[in-house]
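The structure appears right after this line, and notes come after that.
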Amino acid sequence: MTRFAIEPLPPRPSLEHQQKLAKRLLREAWAGDADAIARVRSFLPNASSPDDLKLHDAQLVVARGYGFDSWTAMKRKIESLTATPLEQFDIAVREGDAERAR
């Protein structure tokens, strides 16, 4: 059981804001902040030492904090809420995601 609640995405989600949250979490964990480390361990129980954390680990913690299984899943949801259908198609094509492009 986690002491950190799963929260819904904010009303106007921003991938840039989520990226900043992940970077801040990473810096705080590296600095030894107890709350940041507890959050990481709560959502990423197999994490090793805070010094070994990478940005993708912090991104996964942020995504799981919103109830997503991965950063990619959260990113896609945010894009679906904020990008026009044409922008979504363009993103899918650039990422080589034929399934999403359909």
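In the structure tokens, the first chain shown is A, the next is B, and so on; residue numbers restart at 1 for each chain, and ligands run from 1 in the order shown.
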task = Compile the contact shell of range 52-67 of chain A as an MDAnalysis selection string: residues with an atom at most 12 Å away, counting only C-alpha atoms, same-chain residues fewer than 6 positions apart removed.
result = chainID A and resid 2:10 13 15:32 36:46 73:78
task = Enumerate as a ChimeraX atom specification all residues of range 27-98 of chain A assigned to helix (DSSP H, G or I) by DSSP on the backbone, naming them with the chain letters and numbers the document uses.
result = /A:27-30,34-43,50-52,55-65,71-82,85-94,98
Within 10 Å of range 95-101 of chain A using only C-alpha atoms, minus same-chain residues under 6 positions, as a ChimeraX atom specification = /A:76,85-86,88-89
Using C-alpha atoms, can you export the residues from the last selection as a short mmCIF file (atom, residue, chain, number, x, y, z; two decimals), in the first residue's frame?
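The resulting part.cif:
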data_model
loop_
_atom_site.label_atom_id
_atom_site.label_comp_id
_atom_site.auth_asym_id
_atom_site.auth_seq_id
_atom_site.Cartn_x
_atom_site.Cartn_y
_atom_site.Cartn_z
CA ARG A 76 -0.28 9.77 -25.22
CA PRO A 85 -6.39 15.26 -34.48
CA LEU A 86 -3.99 16.44 -37.19
CA GLN A 88 -1.91 13.62 -33.09
CA PHE A 89 -1.59 12.04 -36.55
#
